[in-house]
Amino acid sequence: MFQVTRFSAAARLLGAAALSVATLASLSAAHPAAAAGHEVPGFDHLTITVRDAGADADGTYELFCNPHGGSHPDPDGACAVAERDTRWGEDVFAPVPEGSICTMQYGGPATAHITGTWAGRPVDATYDRRDGCGVSRWDRMVPLLPEVR
């Protein structure tokens with residue numbers, strides 16, 4: 001015969017809280033594995049490749065957010081920039097809309113390619129500074145992207 005045990009709402013809540021803490025602890029422990037190149041669900045991970053922005057800025061960087069880390073020179077600032085513009089249903093890394101009127105301001109030969117996962121969505125974005133729209137889009141992402149003068 002079965003014995004039915006009833007748990008109080010407080011006991012169920014306490015159990016759920018303990019499970020949440022255990023889950024977070026295991027994900028945090030997995031973060032170093034993510035830094036070694038393995039995707040970990042629930043972590044924002046971006047790979048940023050920068051070219052022609054200057055010897056100190058060129059290269060490929062890994063960025064992890066929540067918690068912040070990776071080989072990016074400023075993970076706290078880079079994560080903050082992306083988080084600042086994150087809105088439900090909008091793409092933080094969206095290209096300049098088709099038909100936009102842009103100034104003929106040339107910002108230099110710098111390019112960047114960002115891939116990975118942000119807010120649970122895949123990212124595959126390219127950046128350049130060939131006109132005013134591109135310069136403005138790039139500058140909004142500093143320090144995720146390097147400051148170019």
# chains A, B, ... in the order shown; residues from 1 in each chain; ligands from 1
call {"tool": "residues_around", "arguments": {"residues": "Thr111 of chain A", "least_positions_apart": "4", "cutoff": "12 Å", "atoms": "only C-alpha atoms", "output": "MDAnalysis selection string"}}
result
chainID A and resid 48:54 57:60 107 125:130 134:135 137:138 145:148
call {"tool": "write_last_selection", "arguments": {"atoms": "N, CA, C and O atoms", "output": "short mmCIF file (atom, residue, chain, number, x, y, z; two decimals), in the first residue's frame"}}
result
data_model
loop_
_atom_site.label_atom_id
_atom_site.label_comp_id
_atom_site.auth_asym_id
_atom_site.auth_seq_id
_atom_site.Cartn_x
_atom_site.Cartn_y
_atom_site.Cartn_z
N ILE A 48 34.47 37.36 -31.61
CA ILE A 48 34.61 38.62 -32.33
C ILE A 48 35.95 38.60 -33.07
O ILE A 48 36.99 38.45 -32.44
N THR A 49 35.91 38.75 -34.38
CA THR A 49 37.12 38.81 -35.19
C THR A 49 37.22 40.20 -35.79
O THR A 49 36.31 40.63 -36.50
N VAL A 50 38.32 40.89 -35.49
CA VAL A 50 38.51 42.28 -35.93
C VAL A 50 39.71 42.33 -36.88
O VAL A 50 40.76 41.74 -36.59
N ARG A 51 39.56 43.04 -37.97
CA ARG A 51 40.64 43.20 -38.96
C ARG A 51 40.79 44.68 -39.30
O ARG A 51 39.82 45.43 -39.35
N ASP A 52 42.02 45.09 -39.56
CA ASP A 52 42.37 46.44 -40.04
C ASP A 52 41.91 47.57 -39.12
O ASP A 52 41.64 48.67 -39.58
N ALA A 53 41.85 47.29 -37.81
CA ALA A 53 41.48 48.32 -36.84
C ALA A 53 42.71 48.82 -36.09
O ALA A 53 42.59 49.68 -35.23
N GLY A 54 43.87 48.28 -36.41
CA GLY A 54 45.11 48.63 -35.72
C GLY A 54 45.70 47.40 -35.08
O GLY A 54 44.99 46.49 -34.66
N ALA A 57 44.32 46.15 -31.84
CA ALA A 57 42.91 45.77 -31.81
C ALA A 57 42.61 44.54 -32.67
O ALA A 57 41.63 43.85 -32.41
N ASP A 58 43.43 44.28 -33.67
CA ASP A 58 43.16 43.17 -34.58
C ASP A 58 43.31 41.82 -33.86
O ASP A 58 44.18 41.66 -33.00
N GLY A 59 42.44 40.89 -34.22
CA GLY A 59 42.53 39.55 -33.66
C GLY A 59 41.15 38.96 -33.46
O GLY A 59 40.13 39.54 -33.83
N THR A 60 41.15 37.79 -32.85
CA THR A 60 39.91 37.08 -32.55
C THR A 60 39.79 36.94 -31.05
O THR A 60 40.75 36.53 -30.39
N GLY A 107 35.00 55.76 -42.56
CA GLY A 107 35.60 55.61 -41.24
C GLY A 107 36.82 54.72 -41.21
O GLY A 107 37.31 54.38 -40.13
N ALA A 125 27.02 38.43 -37.50
CA ALA A 125 26.92 39.83 -37.92
C ALA A 125 28.27 40.33 -38.41
O ALA A 125 29.31 39.96 -37.87
N THR A 126 28.24 41.18 -39.43
CA THR A 126 29.45 41.82 -39.91
C THR A 126 29.34 43.32 -39.72
O THR A 126 28.24 43.90 -39.78
N TYR A 127 30.48 43.94 -39.47
CA TYR A 127 30.56 45.38 -39.25
C TYR A 127 31.66 45.94 -40.12
O TYR A 127 32.68 45.28 -40.35
N ASP A 128 31.45 47.16 -40.62
CA ASP A 128 32.49 47.90 -41.33
C ASP A 128 32.27 49.38 -41.08
O ASP A 128 31.32 49.78 -40.42
N ARG A 129 33.16 50.19 -41.61
CA ARG A 129 33.08 51.63 -41.39
C ARG A 129 33.12 52.37 -42.73
O ARG A 129 33.70 53.43 -42.85
N ARG A 130 32.47 51.79 -43.75
CA ARG A 130 32.57 52.35 -45.11
C ARG A 130 31.67 53.56 -45.35
O ARG A 130 31.81 54.24 -46.35
N GLY A 134 27.54 52.76 -41.14
CA GLY A 134 28.44 51.73 -40.62
C GLY A 134 29.28 52.24 -39.47
O GLY A 134 29.49 51.54 -38.47
N VAL A 135 29.76 53.50 -39.58
CA VAL A 135 30.55 54.10 -38.50
C VAL A 135 29.70 54.21 -37.24
O VAL A 135 30.13 53.85 -36.14
N ARG A 137 26.96 52.50 -36.43
CA ARG A 137 26.64 51.15 -35.93
C ARG A 137 27.83 50.57 -35.18
O ARG A 137 27.68 49.97 -34.13
N TRP A 138 29.04 50.75 -35.72
CA TRP A 138 30.26 50.26 -35.06
C TRP A 138 30.46 50.97 -33.72
O TRP A 138 30.68 50.33 -32.70
N LEU A 145 33.36 46.15 -29.75
CA LEU A 145 34.29 46.36 -30.87
C LEU A 145 35.28 47.43 -30.44
O LEU A 145 34.94 48.30 -29.64
N PRO A 146 36.50 47.40 -30.97
CA PRO A 146 37.50 48.38 -30.54
C PRO A 146 37.16 49.79 -31.02
O PRO A 146 36.55 49.96 -32.09
N GLU A 147 37.56 50.76 -30.26
CA GLU A 147 37.40 52.15 -30.67
C GLU A 147 38.38 52.42 -31.80
O GLU A 147 39.56 52.11 -31.68
N VAL A 148 37.88 52.99 -32.89
CA VAL A 148 38.72 53.28 -34.06
C VAL A 148 38.69 54.78 -34.27
O VAL A 148 37.65 55.40 -34.29
#
call {"tool": "atom_distance", "arguments": {"atom1": "atom CA of Met104 of chain A", "atom2": "atom CA of Asp139 of chain A"}}
result
16.1 Å
call {"tool": "closest_residue", "arguments": {"among": "A:Gly120, A:Gly108, A:Pro143, A:Gly89", "to": "Pro75 of chain A", "atoms": "only C-alpha atoms"}}
result
A:Pro143
call {"tool": "residues_around", "arguments": {"residues": "Ala80 of chain A", "least_positions_apart": "5", "cutoff": "10 Å", "atoms": "only C-alpha atoms", "output": "list in words"}}
result
Cys65, His68, Asp74, Pro75, Asp85, Thr86, Met141, Pro143 and Leu144 of chain A
call {"tool": "decode", "arguments": {"residues": "segment 60-77 of chain A", "atoms": "N, CA and C atoms", "output": "short mmCIF file (atom, residue, chain, number, x, y, z; two decimals), in the first residue's frame"}}
result
data_model
loop_
_atom_site.label_atom_id
_atom_site.label_comp_id
_atom_site.auth_asym_id
_atom_site.auth_seq_id
_atom_site.Cartn_x
_atom_site.Cartn_y
_atom_site.Cartn_z
N THR A 60 41.15 37.79 -32.85
CA THR A 60 39.91 37.08 -32.55
C THR A 60 39.79 36.94 -31.05
N TYR A 61 38.64 37.29 -30.52
CA TYR A 61 38.39 37.30 -29.08
C TYR A 61 37.16 36.48 -28.77
N GLU A 62 37.19 35.79 -27.65
CA GLU A 62 36.03 35.08 -27.13
C GLU A 62 35.43 35.93 -26.01
N LEU A 63 34.12 35.99 -25.97
CA LEU A 63 33.42 36.75 -24.94
C LEU A 63 32.30 35.90 -24.37
N PHE A 64 32.28 35.78 -23.05
CA PHE A 64 31.20 35.11 -22.34
C PHE A 64 30.55 36.13 -21.43
N CYS A 65 29.24 36.12 -21.38
CA CYS A 65 28.52 37.03 -20.49
C CYS A 65 27.61 36.21 -19.60
N ASN A 66 27.46 36.70 -18.38
CA ASN A 66 26.58 36.07 -17.39
C ASN A 66 27.00 34.66 -17.03
N PRO A 67 28.16 34.43 -16.47
CA PRO A 67 29.14 35.40 -15.97
C PRO A 67 30.08 35.86 -17.08
N HIS A 68 30.69 37.03 -16.86
CA HIS A 68 31.56 37.64 -17.85
C HIS A 68 32.94 36.99 -17.84
N GLY A 69 33.52 36.83 -19.01
CA GLY A 69 34.85 36.25 -19.12
C GLY A 69 35.25 36.07 -20.56
N GLY A 70 36.34 35.36 -20.76
CA GLY A 70 36.85 35.09 -22.10
C GLY A 70 38.11 35.88 -22.36
N SER A 71 38.57 35.86 -23.61
CA SER A 71 39.82 36.52 -23.98
C SER A 71 39.62 37.97 -24.43
N HIS A 72 38.38 38.45 -24.45
CA HIS A 72 38.12 39.85 -24.83
C HIS A 72 38.81 40.77 -23.83
N PRO A 73 39.44 41.88 -24.29
CA PRO A 73 40.17 42.76 -23.37
C PRO A 73 39.30 43.47 -22.33
N ASP A 74 38.00 43.62 -22.59
CA ASP A 74 37.11 44.29 -21.63
C ASP A 74 35.78 43.54 -21.57
N PRO A 75 35.74 42.35 -20.96
CA PRO A 75 34.49 41.58 -20.97
C PRO A 75 33.33 42.28 -20.26
N ASP A 76 33.61 43.00 -19.18
CA ASP A 76 32.52 43.70 -18.47
C ASP A 76 31.90 44.77 -19.36
N GLY A 77 32.74 45.59 -19.98
CA GLY A 77 32.24 46.66 -20.86
C GLY A 77 31.57 46.11 -22.10
#
